[in-house]
Structure formats: C-alpha cells, structure tokens
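Asks: Take this structure first; my questions come after.
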Amino acid sequence: MTTATSKIARSAGFHTTAAALAILFLFPLAWSGWSSVKGQPGSSQASGYGFGNYGYLASYGEGLFTYVTNTAAVTAMTVVGTLVVSALGGYGFARFDFPGKNLLFLATLAILMVPYATILIPLYVLLDRLGLQNSLVGLSLVFVMFQLPFALFMMRNSFEAVPRELEEAALVDGCTTLTALRRVLLRAVRPGLVTVGLFAFLASWNDFFAPLILLSDASKFTLPVAVYSMQQRTFGAIDYGALEAGVVVMAVPCLLVFLLLQRYYVRGFLSGAVRG
Amino acid sequence: MSATSTRPPDTAAARRSATSPAGRAMRRARALKGIGYTAPTAAIVVVLFLAPLVLVFWMSLNRWPLLGAPRVNAPDNYTRIPDNPLFLDAVRFTLKYTVIVTVMLLLVALGLALLVQERRRGTGFFRTTYLLPSGVGFAAAALLFYGFYSTEIGPIHGILRSLGLIEETFSFRGTPNSALFSTIALVIWRFAGFQMLILLTGLQSIPLELYEAARVDGASRWQAFRRITLPLLRPTLALLLVLSVSGSLLAFDQFFILTQGQPDNSTLTMVMVIYREAFFRFDLGAAAALSVVVLLVLVALNALQLRVLRRRD
C-alpha cells in the first residue's frame, strides 16, 4: 500500500518536473513562431495577426528568395561533397593498405584540434588567390573540410563493420572494387551515410562564422548572415518581428529534418565518433 | 582513378600469397587503389587545411594588410600582443565564461539525463523536447534570443517584472553580468539536450546489476549515485569537459550576435578580437599571430586534459 502510493507520488513528481522543463525548452521556439506573425506597432505587421513580417523579409536586401537559394545551394554542395569524399575515403581507409595511410588519417582528425578562426583567416587569403573568395563553391569546400574528420571516421567504421565476404563475392564475380562499392557496399553503409549527410546539412545550413568571413557580397549571403545583417542595419529601431520571421525560416527546415532523422543523429554519437 | 582497373582482385588470395611475386604485385595494385580512393580526402586536407595552417604561421610573421602587399616584420605581431589591452581583457573574460558555462551546462545536462534515464511513459517525448533546441542553428538561436530578451517584444521583461524580480526596465546588456548570464542561458538552452544525449549513452553502459547489488547491500540512492554512477560516468564526463572547454574558449557566435561585446567591451571573446583585428582594423598579420597563440594554447590544453584524464583512468 505505502510502496504503491510512493510509486504514484514519484511518478507524479517525475511528470511534473519533466513537463515543466519541457515547457521551458519549448517556450522560446513557440514564442518566436508566435511573435513572427503577431502584430507590433511600427513593424510590417502593425496589428492583428498575419504574414506582414514575412512579406518584409521577402523583399529585404537582395530578397529572401536569393538568400534561401544561396543557403540551399551551399547545403546541397556540402552534403553531396561530404558524402562522396567520405564514402570513397572511408572505403579506402577500411579496406586498403597504402603508404602514408596513418599520416593522412591523423592529419584529417587534426582538423578537429584547430580553432575555426585560426584556419579561416588564412583561408580568406588562400581562397582569394584561388579565385574562390566570395564564392558559394569555395564556402562549400571549406564546409566539406570541416565535416571531414567526423565523416571520414564514421564512414571508415561503417565500412569496417561490413563483412569482407560481401564484397569478395562481388569481386570474384568480376566486379571492380568501384563497382563493388557502388552496387553492394553503399547499401550496407547507408545508415552511416544518412548520419554523415545529416550532420553536413545541419552544419552548412546554419553556420555563421565561415560565411561571415568568406562572403563579402550581399547577393551571396546565406540566411544566418543575411538575417544578422538585417539585425545590424537598423540600429536603434530593429524590426524584431521580421527578425523572428527570419529565425523561423532558418529553423523550420532544420527542426523538420532533425525530428525526422533524430535516430541517425543519436546514432552518430553512439557510433563512438565522439568517444574516439 | 586506379579503381577502374579491370583485373578482379581476390583479396583473400592476395593475403595468402603476400610474399610471392604475384602477391606483391597484387598488393601494389591494391595500394594504388587505396591511394586513389583517399585522393579526394588528401586533396581537401592538403589544400584547405595544411596549406592554410602553414600560411597562418607565415602571415603572423608579416605585416599583412587586408589590401596591399605583405612585408616581413617578424616578430612584431607577437611582441605587440601584450600591448593589446582588448585581447588581454578578452582572454580573461573568455576564461571566466568557459569555467562558468562548462560547470552550469554539465550540471543541467546531468540533471536532465538522470531525470529521463529510466524508460517510463513519456520519457521518449521529454528527451526529444530537451534535444529539440540542438536542431536549431546556433546563430539562429542567438538571433531568436536577441528578440526574446528585447524590451520591445520579448516576454522576459514582463515575466521578471510580474515576479517582482526587477522594478525598472530590464536591459539584458545593462551590466556585464546580466550580459554574461543572458548568454549563458542561451547556451544552456541550445546545448543541454545535446550533452544530456551523450550522458544518457554513458549511463546506459553502466550494468544494472551494480545498482541491484548496491540495493541489496542497503545503499541509499545518493550513495549509489556517488559510488557507482559518477565513477563509471567519468569517461563520458571527461569527453564533455574537453568538448565544452574547447568550444567555449572559441566562443564567437553567441557574443557576437547577442551582446556584440557590450556593455563597454566587457563581453568580447578572444575570437571576436581576432575577427576585429582582421576585418575592422584590416591587420591580418596581427589576427594571424593571435590565432596562432590561441591554437597553441588550445592544443596544449587539450593534451594536458587528455593526459590528466587518462592517468586517472
């Protein structure tokens, strides 16, 4: 009897605490969505509820469409680039022996040790010499580099977990290693690819520091830099409604992808990639 | 790429006859393929990581204006660092921020992890809820909180007032401390769920039998936590410590967007000063020298942390 009551009490305590915390964590997100459609005197949505702030955002600067397109282009190039480079590299590291193998792997992991700013200051100069400064392609290549330690580690482990027999059967059938990789192995490492792609997506869609330094032309801006410039431009009279509308535009795709692929996000950390 | 070779390489056979001439030829063919597959990785690492790393050292030895030709001036960029009061203040502030945010974040994350570690009705939902802010970009989160804290549309002002905590207008950048702790609240909101997730994987690796044995021995929940959970969680805590310390020492987005260094440059971080040297004072050489210093400190600190933690294990 008493244990039953204490069990119920403990369960009620758990649910109250957990629910209160859930409200704390959800509140800023809900508030930003609400304030992006709520009227505010002096803003583009002067009263009532509506999409006035989004209308203002659509025509701000080079236009929301430009910023979304830039961000989507950088994200797509980063995701595809990271997947191709890390799938080929992960396969190479998992299955082949060659001189300089350990050195290259350590050099790739060393990217994690070097501060963002330390590498971006010289990259600003270097990309200029390569004609890739203020370029979405250049920015994507930089993102691929930053993703590489995690992606390569993840893909090497994924390929190592695939039994060798699977690929040897294909090789005996006369496939080249590249065909075996494409037809047989890629399917076996698909969860790893989804995790790598998810991390590349979240990083490149959201990153602020690299585009802030590497992009100088407003027509090239990605969303975080564009919305930041909007917050900066009107000193004293910031259009907060439009600011929150910008936050919603940035956050919603990420939250959807995040909820949909949460399993893979968690898996990325379980894989030992962060424990390594 | 060598991978397109038409010869069917039998890896098992290659391993068996590694010493015969045919085996050696096969090994060489496979080595070439390995080089081919990792060539894109090597290209990116060399061009976009190792080359800039060398370049930043070279830049730090030069007077390197944003526009115009560089000229060697070593070691001026380094000897001038102690004359840069902004940077010295930033070092002090960044260290203070790192200590406070690391401790607070870890405590909140540990609390969350302990709360939702048992599988019962609703834990899945709660875990997802706490993790959700991690799906929002950090810069987007900082911009969100910029509005959230504002007196114009933010709810914080009204909430604090109705609780009687403040009487006058609340400005989150009013004092150095309010600016610091407003930012820390943002960081906890954004990262606590992520740390909770990593702690949960650590908690799940602790065998349940240990807790049962402790209960049989009459240990209280607190004793079990201190004697079993904490020691076995140490590798996970160590990982989070390293991640949080290096992440916080390199803090940029949160202060650059939210406090903009205000009030009175009291919330400038090291990376913000580097950015300022490079793109407001157009002195890339000085920025490079500061970056090199930050790099060396960080590498030394990480090496130290790993050594201390490994010795304890």
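Scheme for the structure tokens: letters A, B, ... for chains in order shown; per-chain residue numbers from 1; ligand numbers from 1 in order shown.
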I need the chain A residues near chain B as a list in words; criterion: at most 6 Å, counting only C-alpha atoms.
Replies: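 That gives the following set of residues: Ala22, Val85, Leu88, Gly89, Gly92, Phe96, Asp97, Phe98, Thr118, Pro122, Leu123, Leu171, Gly174, Leu178, Asn206, Tyr240, Val247, Ala251, Cys254, Leu255 and Phe258 of chain A.
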Asks: Taking 3 positions as the minimum chain separation for residues in the same chain, which residues sit within 7 Å of A:Ala94 when counting only C-alpha atoms? Answer as a PDB file with C-alpha atoms, in the first residue's frame.
Replies:
ATOM      1  CA  GLY A  90      36.170   5.639 -45.721  1.00  0.00           C
ATOM      2  CA  TYR A  91      36.271   2.687 -48.132  1.00  0.00           C
ATOM      3  CA  ARG A 156      35.608   4.121 -42.114  1.00  0.00           C
ATOM      4  CA  PHE A 159      32.840   0.017 -43.950  1.00  0.00           C
ATOM      5  CA  GLU A 160      34.861  -1.912 -41.383  1.00  0.00           C
TER       6      GLU A 160
END
Asks: Figure out the distance between atom CA of A:Ala245 and atom CA of A:Trp34, please, to one decimal in Å.
Replies: 9.4 Å
Asks: Quick one, how far is atom CA of B:Leu160 from atom CA of B:Ser178?
Replies: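 Distance reported for this atom pair: 13.1 Å.
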Asks: Taking the DSSP secondary structure from the backbone, can you list the residues of stretch 55-140 of chain B that are helix (DSSP H, G or I), as a ChimeraX atom specification?
Replies: /B:55-60,76-79,81-83,85-116,123-135,138-140
Asks: Quick one: pull the distance between atom CA of B:Tyr149 and atom CA of B:Ala90, Å, one decimal.
Replies: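 Calculated distance between atom CA of B:Tyr149 and atom CA of B:Ala90 is 23.8 Å.
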